[in-house]
>>> print(open('final-v3.pdb').read())   # PDB, C-alpha atoms
ATOM      1  CA  MET P   1      24.994   3.456   6.448
ATOM      2  CA  TYR P   2      21.962   5.442   5.335
ATOM      3  CA  LEU P   3      22.419   9.119   4.764
ATOM      4  CA  ARG P   4      20.170  11.026   7.126
ATOM      5  CA  ILE P   5      19.151  14.085   5.114
ATOM      6  CA  LYS P   6      17.449  16.775   7.139
ATOM      7  CA  HIS P   7      14.042  17.743   5.825
ATOM      8  CA  PRO P   8      14.188  21.022   3.827
ATOM      9  CA  ILE P   9      11.318  22.657   5.714
ATOM     10  CA  ILE P  10      12.307  21.532   9.202
ATOM     11  CA  HIS P  11      13.083  25.126  10.130
ATOM     12  CA  LEU P  12       9.381  25.903   9.869
ATOM     13  CA  HIS P  13       8.641  24.070  13.097
ATOM     14  CA  ASN P  14      10.805  23.207  16.081
ATOM     15  CA  ASN P  15       8.466  20.575  17.550
ATOM     16  CA  LYS P  16      10.267  17.237  17.060
ATOM     17  CA  GLU P  17       7.070  15.212  17.470
ATOM     18  CA  TYR P  18       5.389  17.316  14.815
ATOM     19  CA  MET P  19       8.199  16.623  12.369
ATOM     20  CA  ALA P  20       8.481  12.889  13.093
ATOM     21  CA  LEU P  21       6.498  11.743  10.049
ATOM     22  CA  LEU P  22       8.454  14.005   7.704
ATOM     23  CA  ASP P  23      11.713  12.705   9.138
ATOM     24  CA  ASP P  24      10.534   9.123   8.603
ATOM     25  CA  LEU P  25       9.561   9.849   4.995
ATOM     26  CA  THR P  26      12.901  11.553   4.394
ATOM     27  CA  TRP P  27      14.651   8.457   5.809
ATOM     28  CA  ARG P  28      12.887   5.938   3.565
ATOM     29  CA  HIS P  29      13.848   5.073   0.009
ATOM     30  CA  ALA P  30      13.079   2.323  -2.479
ATOM     31  CA  THR P  31      15.462  -0.340  -1.210
ATOM     32  CA  LYS P  32      17.421  -2.028  -4.005
ATOM     33  CA  ALA P  33      18.902  -4.984  -2.111
ATOM     34  CA  TYR P  34      17.743  -6.873   0.984
ATOM     35  CA  ASP P  35      19.540  -8.934   3.589
ATOM     36  CA  PRO P  36      17.907 -12.378   3.246
ATOM     37  CA  THR P  37      19.014 -13.405   6.750
ATOM     38  CA  ARG P  38      16.940 -10.732   8.508
ATOM     39  CA  LYS P  39      13.180 -11.132   8.912
ATOM     40  CA  VAL P  40      10.589  -8.575   9.975
ATOM     41  CA  ALA P  41       8.818  -9.456  13.218
ATOM     42  CA  HIS P  42       5.198 -10.530  12.842
ATOM     43  CA  GLU P  43       3.996  -7.805  15.191
ATOM     44  CA  ASP P  44       5.593  -5.172  12.945
ATOM     45  CA  ILE P  45       3.999  -6.687   9.856
ATOM     46  CA  LEU P  46       0.649  -6.429  11.634
ATOM     47  CA  LYS P  47       1.248  -2.720  12.294
ATOM     48  CA  ILE P  48       1.977  -2.095   8.628
ATOM     49  CA  VAL P  49      -1.111  -4.028   7.561
ATOM     50  CA  GLU P  50      -3.203  -2.117  10.092
ATOM     51  CA  ALA P  51      -2.008   1.196   8.658
ATOM     52  CA  ALA P  52      -3.229   0.043   5.248
ATOM     53  CA  ARG P  53      -6.522  -1.201   6.714
ATOM     54  CA  LEU P  54      -7.201   2.216   8.218
ATOM     55  CA  ALA P  55      -6.696   4.002   4.887
ATOM     56  CA  PRO P  56      -9.531   6.158   3.539
ATOM     57  CA  THR P  57     -11.378   4.764   0.534
ATOM     58  CA  SER P  58     -13.967   6.124  -1.866
ATOM     59  CA  SER P  59     -17.402   5.893  -0.209
ATOM     60  CA  GLY P  60     -15.792   3.836   2.560
ATOM     61  CA  LEU P  61     -16.055   0.682   0.443
ATOM     62  CA  GLN P  62     -12.620  -0.744   1.328
ATOM     63  CA  GLN P  63     -12.492  -2.222  -2.147
ATOM     64  CA  PHE P  64      -9.156  -4.009  -1.910
ATOM     65  CA  ARG P  65      -7.471  -6.706   0.159
ATOM     66  CA  LEU P  66      -3.903  -7.492   1.245
ATOM     67  CA  ILE P  67      -2.183 -10.837   0.905
ATOM     68  CA  VAL P  68       0.969 -11.094   3.022
ATOM     69  CA  VAL P  69       3.490 -13.549   1.594
ATOM     70  CA  ALA P  70       6.323 -14.774   3.805
ATOM     71  CA  ASP P  71       6.640 -18.290   2.333
ATOM     72  CA  GLN P  72       9.948 -18.487   0.469
ATOM     73  CA  GLU P  73       8.780 -21.125  -2.000
ATOM     74  CA  LEU P  74       5.837 -18.959  -3.026
ATOM     75  CA  LYS P  75       8.051 -15.898  -3.377
ATOM     76  CA  GLU P  76      10.348 -17.879  -5.677
ATOM     77  CA  LYS P  77       7.369 -18.689  -7.901
ATOM     78  CA  MET P  78       6.283 -15.043  -7.973
ATOM     79  CA  VAL P  79       9.746 -13.923  -9.108
ATOM     80  CA  ALA P  80       9.045 -14.650 -12.784
ATOM     81  CA  GLY P  81       8.192 -11.366 -14.475
ATOM     82  CA  ALA P  82       9.515  -9.191 -11.624
ATOM     83  CA  LEU P  83      11.779  -6.340 -12.733
ATOM     84  CA  ASN P  84      14.013  -6.845  -9.686
ATOM     85  CA  PRO P  85      13.746 -10.570  -8.930
ATOM     86  CA  ASP P  86      16.501 -10.542  -6.302
ATOM     87  CA  CYS P  87      14.575  -8.038  -4.186
ATOM     88  CA  MET P  88      11.467 -10.212  -4.213
ATOM     89  CA  ARG P  89      13.501 -13.309  -3.469
ATOM     90  CA  GLU P  90      15.558 -11.804  -0.637
ATOM     91  CA  CYS P  91      13.105  -9.512   1.148
ATOM     92  CA  SER P  92      11.394 -10.706   4.307
ATOM     93  CA  HIS P  93       7.768 -10.275   3.173
ATOM     94  CA  VAL P  94       5.863  -9.377   0.035
ATOM     95  CA  ILE P  95       2.511  -7.683   0.513
ATOM     96  CA  VAL P  96       0.182  -7.974  -2.465
ATOM     97  CA  PHE P  97      -2.410  -5.221  -2.842
ATOM     98  CA  ALA P  98      -5.379  -6.684  -4.707
ATOM     99  CA  ALA P  99      -8.499  -4.772  -5.721
ATOM    100  CA  TRP P 100     -12.058  -5.848  -6.457
ATOM    101  CA  ASP P 101     -12.427  -6.919 -10.075
ATOM    102  CA  GLU P 102     -15.823  -5.158 -10.198
ATOM    103  CA  TYR P 103     -18.406  -3.398  -8.076
ATOM    104  CA  THR P 104     -21.486  -5.499  -7.419
ATOM    105  CA  PRO P 105     -24.642  -4.634  -5.472
ATOM    106  CA  GLU P 106     -23.803  -7.460  -3.079
ATOM    107  CA  ARG P 107     -20.362  -6.066  -2.283
ATOM    108  CA  ILE P 108     -21.697  -2.573  -1.747
ATOM    109  CA  ASP P 109     -24.488  -3.835   0.498
ATOM    110  CA  ALA P 110     -22.096  -6.023   2.502
ATOM    111  CA  ILE P 111     -19.855  -3.141   3.571
ATOM    112  CA  TYR P 112     -22.792  -0.885   4.401
ATOM    113  CA  ASP P 113     -24.536  -3.659   6.345
ATOM    114  CA  ARG P 114     -21.365  -4.059   8.380
ATOM    115  CA  THR P 115     -21.167  -0.303   8.876
ATOM    116  CA  THR P 116     -24.727   0.012  10.143
ATOM    117  CA  ASP P 117     -24.370  -3.080  12.331
ATOM    118  CA  GLU P 118     -21.160  -1.775  13.923
ATOM    119  CA  ARG P 119     -22.741   1.624  14.543
ATOM    120  CA  GLY P 120     -25.972   0.219  15.941
ATOM    121  CA  LEU P 121     -28.052   1.573  13.049
ATOM    122  CA  VAL P 122     -30.866  -0.074  11.121
ATOM    123  CA  ARG P 123     -29.757  -1.879   7.973
ATOM    124  CA  GLY P 124     -30.747   0.103   4.910
ATOM    125  CA  ARG P 125     -30.108   3.406   6.700
ATOM    126  CA  PHE P 126     -27.967   4.519   3.736
ATOM    127  CA  LYS P 127     -30.100   2.964   0.979
ATOM    128  CA  ARG P 128     -30.487   6.161  -0.999
ATOM    129  CA  TYR P 129     -26.711   6.528  -1.116
ATOM    130  CA  THR P 130     -25.975   2.872  -1.889
ATOM    131  CA  ASP P 131     -28.569   2.908  -4.673
ATOM    132  CA  MET P 132     -26.743   5.887  -6.165
ATOM    133  CA  LEU P 133     -23.441   4.013  -5.936
ATOM    134  CA  LYS P 134     -24.895   0.959  -7.645
ATOM    135  CA  GLU P 135     -26.271   3.100 -10.461
ATOM    136  CA  THR P 136     -23.015   5.013 -10.892
ATOM    137  CA  PHE P 137     -20.790   1.943 -11.009
ATOM    138  CA  GLY P 138     -23.335   0.085 -13.114
ATOM    139  CA  LYS P 139     -22.681   2.555 -15.933
ATOM    140  CA  MET P 140     -18.985   1.691 -15.979
ATOM    141  CA  THR P 141     -17.329  -1.192 -17.768
ATOM    142  CA  LYS P 142     -15.828  -3.890 -15.553
ATOM    143  CA  GLU P 143     -12.338  -2.673 -16.436
ATOM    144  CA  GLU P 144     -13.273   0.881 -15.398
ATOM    145  CA  GLN P 145     -14.663  -0.484 -12.155
ATOM    146  CA  PHE P 146     -11.434  -2.356 -11.476
ATOM    147  CA  GLN P 147      -9.310   0.714 -12.205
ATOM    148  CA  HIS P 148     -11.422   2.776  -9.803
ATOM    149  CA  ALA P 149     -10.980   0.157  -7.086
ATOM    150  CA  ALA P 150      -7.266  -0.177  -7.849
ATOM    151  CA  ASN P 151      -6.775   3.563  -7.365
ATOM    152  CA  GLN P 152      -8.066   3.261  -3.795
ATOM    153  CA  SER P 153      -5.397   0.694  -2.957
ATOM    154  CA  PHE P 154      -2.620   3.188  -3.710
ATOM    155  CA  ILE P 155      -3.726   5.307  -0.745
ATOM    156  CA  ALA P 156      -3.254   2.280   1.502
ATOM    157  CA  LEU P 157       0.108   1.537  -0.095
ATOM    158  CA  GLY P 158       1.274   5.018   0.844
ATOM    159  CA  LEU P 159       0.208   4.602   4.452
ATOM    160  CA  ALA P 160       1.886   1.194   4.638
ATOM    161  CA  LEU P 161       5.112   2.763   3.370
ATOM    162  CA  ALA P 162       4.849   5.492   6.011
ATOM    163  CA  GLU P 163       4.276   2.980   8.815
ATOM    164  CA  ALA P 164       7.219   0.879   7.650
ATOM    165  CA  ALA P 165       9.383   4.000   7.697
ATOM    166  CA  GLU P 166       8.246   4.810  11.224
ATOM    167  CA  LEU P 167       9.327   1.313  12.279
ATOM    168  CA  LYS P 168      12.626   1.726  10.391
ATOM    169  CA  ILE P 169      11.760  -1.220   8.176
ATOM    170  CA  ASP P 170      13.056  -0.937   4.629
ATOM    171  CA  SER P 171      10.573  -1.142   1.792
ATOM    172  CA  THR P 172      10.128  -1.061  -1.965
ATOM    173  CA  PRO P 173       6.794  -0.305  -3.691
ATOM    174  CA  ILE P 174       6.513  -2.380  -6.853
ATOM    175  CA  GLY P 175       4.523  -2.037 -10.055
ATOM    176  CA  GLY P 176       6.909  -4.089 -12.185
ATOM    177  CA  PHE P 177       5.626  -7.647 -11.809
ATOM    178  CA  ASP P 178       3.450 -10.147 -13.662
ATOM    179  CA  PRO P 179      -0.081  -9.610 -12.295
ATOM    180  CA  LYS P 180      -1.529 -12.582 -14.166
ATOM    181  CA  LEU P 181       1.050 -14.873 -12.580
ATOM    182  CA  VAL P 182       0.472 -13.445  -9.100
ATOM    183  CA  ASP P 183      -3.299 -13.704  -9.539
ATOM    184  CA  GLU P 184      -2.941 -17.347 -10.547
ATOM    185  CA  LEU P 185      -0.528 -18.302  -7.769
ATOM    186  CA  LEU P 186      -2.705 -16.709  -5.088
ATOM    187  CA  GLY P 187      -6.064 -17.713  -6.577
ATOM    188  CA  LEU P 188      -7.164 -14.086  -6.641
ATOM    189  CA  ARG P 189      -9.560 -14.269  -9.587
ATOM    190  CA  GLU P 190     -11.622 -16.894  -7.760
ATOM    191  CA  LYS P 191     -11.946 -14.392  -4.904
ATOM    192  CA  GLY P 192     -13.061 -11.580  -7.204
ATOM    193  CA  LEU P 193      -9.701  -9.793  -6.883
ATOM    194  CA  ARG P 194      -6.883  -8.686  -9.171
ATOM    195  CA  SER P 195      -3.379  -7.746  -8.062
ATOM    196  CA  VAL P 196      -2.470  -4.067  -8.367
ATOM    197  CA  SER P 197       0.890  -3.527  -6.680
ATOM    198  CA  LEU P 198       3.403  -5.180  -4.379
ATOM    199  CA  LEU P 199       5.286  -3.972  -1.335
ATOM    200  CA  TYR P 200       8.598  -5.560  -0.405
ATOM    201  CA  LEU P 201       9.534  -5.342   3.272
ATOM    202  CA  GLY P 202      12.714  -6.276   5.073
ATOM    203  CA  TYR P 203      16.102  -4.890   6.014
ATOM    204  CA  ALA P 204      18.529  -3.534   3.460
ATOM    205  CA  ASP P 205      21.814  -5.140   2.616
ATOM    206  CA  GLN P 206      23.724  -1.910   3.030
ATOM    207  CA  GLU P 207      26.660  -3.057   0.900
ATOM    208  CA  ARG P 208      24.513  -3.815  -2.134
ATOM    209  CA  ASP P 209      21.713  -1.273  -1.625
ATOM    210  CA  TRP P 210      23.286   1.437  -3.765
ATOM    211  CA  LEU P 211      20.360   3.869  -3.475
ATOM    212  CA  GLY P 212      20.608   3.963   0.315
ATOM    213  CA  LYS P 213      23.949   5.748   0.048
ATOM    214  CA  MET P 214      22.602   8.507  -2.181
ATOM    215  CA  LYS P 215      20.982  11.819  -1.350
ATOM    216  CA  LYS P 216      17.177  11.845  -1.527
ATOM    217  CA  VAL P 217      16.103  14.112  -4.385
ATOM    218  CA  ARG P 218      12.677  15.663  -4.899
ATOM    219  CA  ASN P 219      11.399  18.707  -6.762
ATOM    220  CA  PRO P 220      11.863  21.855  -4.656
ATOM    221  CA  LEU P 221       8.844  23.009  -2.682
ATOM    222  CA  GLU P 222       8.368  26.142  -4.795
ATOM    223  CA  GLU P 223       8.031  23.998  -7.932
ATOM    224  CA  PHE P 224       6.048  21.210  -6.314
ATOM    225  CA  ALA P 225       3.274  23.221  -4.659
ATOM    226  CA  THR P 226       1.380  26.383  -5.533
ATOM    227  CA  PHE P 227      -0.010  28.407  -2.637
ATOM    228  CA  ILE P 228      -2.862  30.742  -3.580
TER     229      ILE P 228
END
>>> encode(input="final-v3.pdb", output="structure tokens")
Amino acid sequence: MYLRIKHPIIHLHNNKEYMALLDDLTWRHATKAYDPTRKVAHEDILKIVEAARLAPTSSGLQQFRLIVVADQELKEKMVAGALNPDCMRECSHVIVFAAWDEYTPERIDAIYDRTTDERGLVRGRFKRYTDMLKETFGKMTKEEQFQHAANQSFIALGLALAEAAELKIDSTPIGGFDPKLVDELLGLREKGLRSVSLLYLGYADQERDWLGKMKKVRNPLEEFATFI
């Protein structure tokens, strides 16, 4: 069974609803072994994806996409290059976070056209701002543009982890994989995307998930944060 470690600052507030997110984050850990017989319900996967979709992004550009992989054959192909292949193989779903490979005027215009259309505004309402964005990103190399876009996806990864924890779905954020292989298998380059990170989702095999039995350890609050 998981150890349920009480949050160290829970005494600061007695409102259980207020502390719910902190309790969920205290509960979660990077699962090290999954039960391959248990699958996450589709409606729960949709909630996790929606949490990522609602993530804030720089200039509201939403410069990444998610690819949700449940197909076992595809997961087996993605295993090559993974630091923990058994986790990828045995988890219920793998979510691939893939960022734009570059910023183009067309991509910037597309999101702002959608924004103005949805808000009932005239297209071009934010032209001065979008022109500034195009100029700023135009001064970057394509690799710098990709890294900027990739950084936005990590915010969404964090929110997806939090939503999974709320649903009591086990998860593992992954940077140790072969992005070139994943890009090829999913045809991401043809879509103007490059894989950044993975998220394994499922239910832990509590006998083999050694980390689930251990106390959660973080730097103490007085070292972690400075209040001025």
>>> atom_distance(input="final-v3.pdb", atom1="CA of Ala51 (chain P)", atom2="CA of Gly176 (chain P)")
23.3 Å
>>> axis_aligned_box(input="final-v3.pdb", around="region 108-112 of chain P", padding_each_side="3 Å", output="AutoDock Vina command-line options")
--center_x -22.2 --center_y -3.5 --center_z 1.3 --size_x 10.6 --size_y 11.1 --size_z 12.1
>>> closest_residue(input="final-v3.pdb", among="P:Val182, P:Leu25, P:Leu201, P:Ala70", to="Ala82 (chain P)", atoms="only C-alpha atoms")
P:Val182
>>> resolve_selection(input="final-v3.pdb", expression="the PyMOL selection byres ((chain P and resi 130) around 12)", output="PyMOL selection string")
chain P and resi 59-61+103-113+123-129+131-138
>>> resolve_selection(input="final-v3.pdb", expression="the PyMOL selection byres ((chain P and resi 218) around 12)", output="JSON, numbers by chain")
{"P": [7, 8, 25, 26, 29, 215, 216, 217, 219, 220, 221, 222, 223, 224]}
>>> write_last_selection(input="final-v3.pdb", atoms="C-alpha atoms", output="mmCIF file, in the frame of the given file")
data_model
loop_
_atom_site.group_PDB
_atom_site.id
_atom_site.type_symbol
_atom_site.label_atom_id
_atom_site.label_comp_id
_atom_site.auth_asym_id
_atom_site.auth_seq_id
_atom_site.Cartn_x
_atom_site.Cartn_y
_atom_site.Cartn_z
ATOM 1 C CA HIS P 7 14.042 17.743 5.825
ATOM 2 C CA PRO P 8 14.188 21.022 3.827
ATOM 3 C CA LEU P 25 9.561 9.849 4.995
ATOM 4 C CA THR P 26 12.901 11.553 4.394
ATOM 5 C CA HIS P 29 13.848 5.073 0.009
ATOM 6 C CA LYS P 215 20.982 11.819 -1.350
ATOM 7 C CA LYS P 216 17.177 11.845 -1.527
ATOM 8 C CA VAL P 217 16.103 14.112 -4.385
ATOM 9 C CA ASN P 219 11.399 18.707 -6.762
ATOM 10 C CA PRO P 220 11.863 21.855 -4.656
ATOM 11 C CA LEU P 221 8.844 23.009 -2.682
ATOM 12 C CA GLU P 222 8.368 26.142 -4.795
ATOM 13 C CA GLU P 223 8.031 23.998 -7.932
ATOM 14 C CA PHE P 224 6.048 21.210 -6.314
#
>>> atom_distance(input="final-v3.pdb", atom1="CA of Trp210 (chain P)", atom2="CA of Lys32 (chain P)")
6.8 Å
>>> atom_distance(input="final-v3.pdb", atom1="CA of Pro179 (chain P)", atom2="CA of Lys77 (chain P)")
12.5 Å
>>> resolve_selection(input="final-v3.pdb", expression="the PyMOL selection byres ((chain P and resi 193) around 9)", output="list in words")
Phe64, Arg65, Ala98, Ala99, Trp100, Asp101, Glu102, Phe146, Asp183, Gly187, Leu188, Arg189, Glu190, Lys191, Gly192, Arg194 and Ser195 of chain P
>>> closest_residue(input="final-v3.pdb", among="P:Ala33, P:Met19, P:Leu46, P:Leu186", to="Arg89 (chain P)", atoms="only C-alpha atoms")
P:Ala33
>>> residues_near_point(input="final-v3.pdb", point="(15.6, -1.6, 3.0)", cutoff="12 Å", atoms="all atoms listed in the file", output="PyMOL selection string")
chain P and resi 1-2+27-36+38-40+87-88+90-93+161+164-165+167-173+199-213
>>> build_atoms(input="final-v3.pdb", residues="region 135-146 of chain P", atoms="all heavy atoms", output="compact mmCIF listing (two decimals), in the frame of the given file")
# COMPACT_ATOMS: atom_id res chain seq x y z
N GLU P 135 -25.95 2.53 -9.15
CA GLU P 135 -26.27 3.10 -10.46
C GLU P 135 -25.03 3.68 -11.13
O GLU P 135 -24.79 3.46 -12.32
CB GLU P 135 -27.33 4.19 -10.31
CG GLU P 135 -27.74 4.83 -11.64
CD GLU P 135 -28.78 5.92 -11.47
OE1 GLU P 135 -29.20 6.18 -10.32
OE2 GLU P 135 -29.16 6.52 -12.48
N THR P 136 -24.22 4.39 -10.34
CA THR P 136 -23.02 5.01 -10.89
C THR P 136 -22.03 3.98 -11.40
O THR P 136 -21.54 4.06 -12.54
CB THR P 136 -22.33 5.88 -9.81
OG1 THR P 136 -23.22 6.92 -9.41
CG2 THR P 136 -21.04 6.50 -10.36
N PHE P 137 -21.74 2.97 -10.58
CA PHE P 137 -20.79 1.94 -11.01
C PHE P 137 -21.37 1.05 -12.09
O PHE P 137 -20.63 0.51 -12.92
CB PHE P 137 -20.33 1.11 -9.81
CG PHE P 137 -19.44 1.86 -8.87
CD1 PHE P 137 -19.82 2.05 -7.54
CD2 PHE P 137 -18.24 2.39 -9.30
CE1 PHE P 137 -19.00 2.76 -6.67
CE2 PHE P 137 -17.42 3.10 -8.43
CZ PHE P 137 -17.80 3.28 -7.11
N GLY P 138 -22.69 0.90 -12.10
CA GLY P 138 -23.34 0.08 -13.11
C GLY P 138 -23.18 0.64 -14.52
O GLY P 138 -23.30 -0.10 -15.51
N LYS P 139 -22.88 1.92 -14.63
CA LYS P 139 -22.68 2.56 -15.93
C LYS P 139 -21.26 2.38 -16.44
O LYS P 139 -20.97 2.71 -17.59
CB LYS P 139 -23.01 4.05 -15.83
CG LYS P 139 -24.48 4.34 -15.54
CD LYS P 139 -24.71 5.83 -15.36
CE LYS P 139 -26.16 6.12 -15.01
NZ LYS P 139 -26.41 7.57 -14.78
N MET P 140 -20.38 1.89 -15.59
CA MET P 140 -18.98 1.69 -15.98
C MET P 140 -18.78 0.29 -16.54
O MET P 140 -19.51 -0.64 -16.20
CB MET P 140 -18.07 1.87 -14.77
CG MET P 140 -18.06 3.23 -14.14
SD MET P 140 -16.90 3.24 -12.71
CE MET P 140 -17.07 4.93 -12.16
N THR P 141 -17.74 0.15 -17.37
CA THR P 141 -17.33 -1.19 -17.77
C THR P 141 -16.65 -1.87 -16.58
O THR P 141 -16.24 -1.21 -15.61
CB THR P 141 -16.33 -1.14 -18.94
OG1 THR P 141 -15.12 -0.51 -18.49
CG2 THR P 141 -16.91 -0.34 -20.11
N LYS P 142 -16.50 -3.18 -16.65
CA LYS P 142 -15.83 -3.89 -15.55
C LYS P 142 -14.38 -3.44 -15.40
O LYS P 142 -13.87 -3.37 -14.29
CB LYS P 142 -15.89 -5.41 -15.78
CG LYS P 142 -17.27 -5.99 -15.54
CD LYS P 142 -17.25 -7.51 -15.59
CE LYS P 142 -18.62 -8.09 -15.26
NZ LYS P 142 -18.61 -9.57 -15.27
N GLU P 143 -13.72 -3.14 -16.52
CA GLU P 143 -12.34 -2.67 -16.44
C GLU P 143 -12.27 -1.30 -15.76
O GLU P 143 -11.36 -1.04 -14.96
CB GLU P 143 -11.71 -2.60 -17.83
CG GLU P 143 -10.23 -2.22 -17.83
CD GLU P 143 -9.35 -3.19 -17.06
OE1 GLU P 143 -9.71 -4.38 -16.95
OE2 GLU P 143 -8.28 -2.75 -16.58
N GLU P 144 -13.23 -0.42 -16.05
CA GLU P 144 -13.27 0.88 -15.40
C GLU P 144 -13.54 0.73 -13.90
O GLU P 144 -12.97 1.45 -13.08
CB GLU P 144 -14.35 1.75 -16.03
CG GLU P 144 -14.00 2.24 -17.44
CD GLU P 144 -15.16 2.93 -18.12
OE1 GLU P 144 -16.33 2.65 -17.76
OE2 GLU P 144 -14.90 3.75 -19.03
N GLN P 145 -14.39 -0.22 -13.57
CA GLN P 145 -14.66 -0.48 -12.16
C GLN P 145 -13.40 -0.96 -11.44
O GLN P 145 -13.10 -0.52 -10.33
CB GLN P 145 -15.78 -1.52 -12.01
CG GLN P 145 -17.15 -1.04 -12.46
CD GLN P 145 -18.19 -2.13 -12.38
OE1 GLN P 145 -18.11 -3.03 -11.55
NE2 GLN P 145 -19.18 -2.07 -13.26
N PHE P 146 -12.67 -1.87 -12.08
CA PHE P 146 -11.43 -2.36 -11.48
C PHE P 146 -10.43 -1.23 -11.29
O PHE P 146 -9.79 -1.12 -10.24
CB PHE P 146 -10.82 -3.47 -12.33
CG PHE P 146 -9.40 -3.79 -11.96
CD1 PHE P 146 -9.10 -4.39 -10.75
CD2 PHE P 146 -8.35 -3.45 -12.82
CE1 PHE P 146 -7.78 -4.66 -10.39
CE2 PHE P 146 -7.03 -3.71 -12.46
CZ PHE P 146 -6.75 -4.32 -11.25
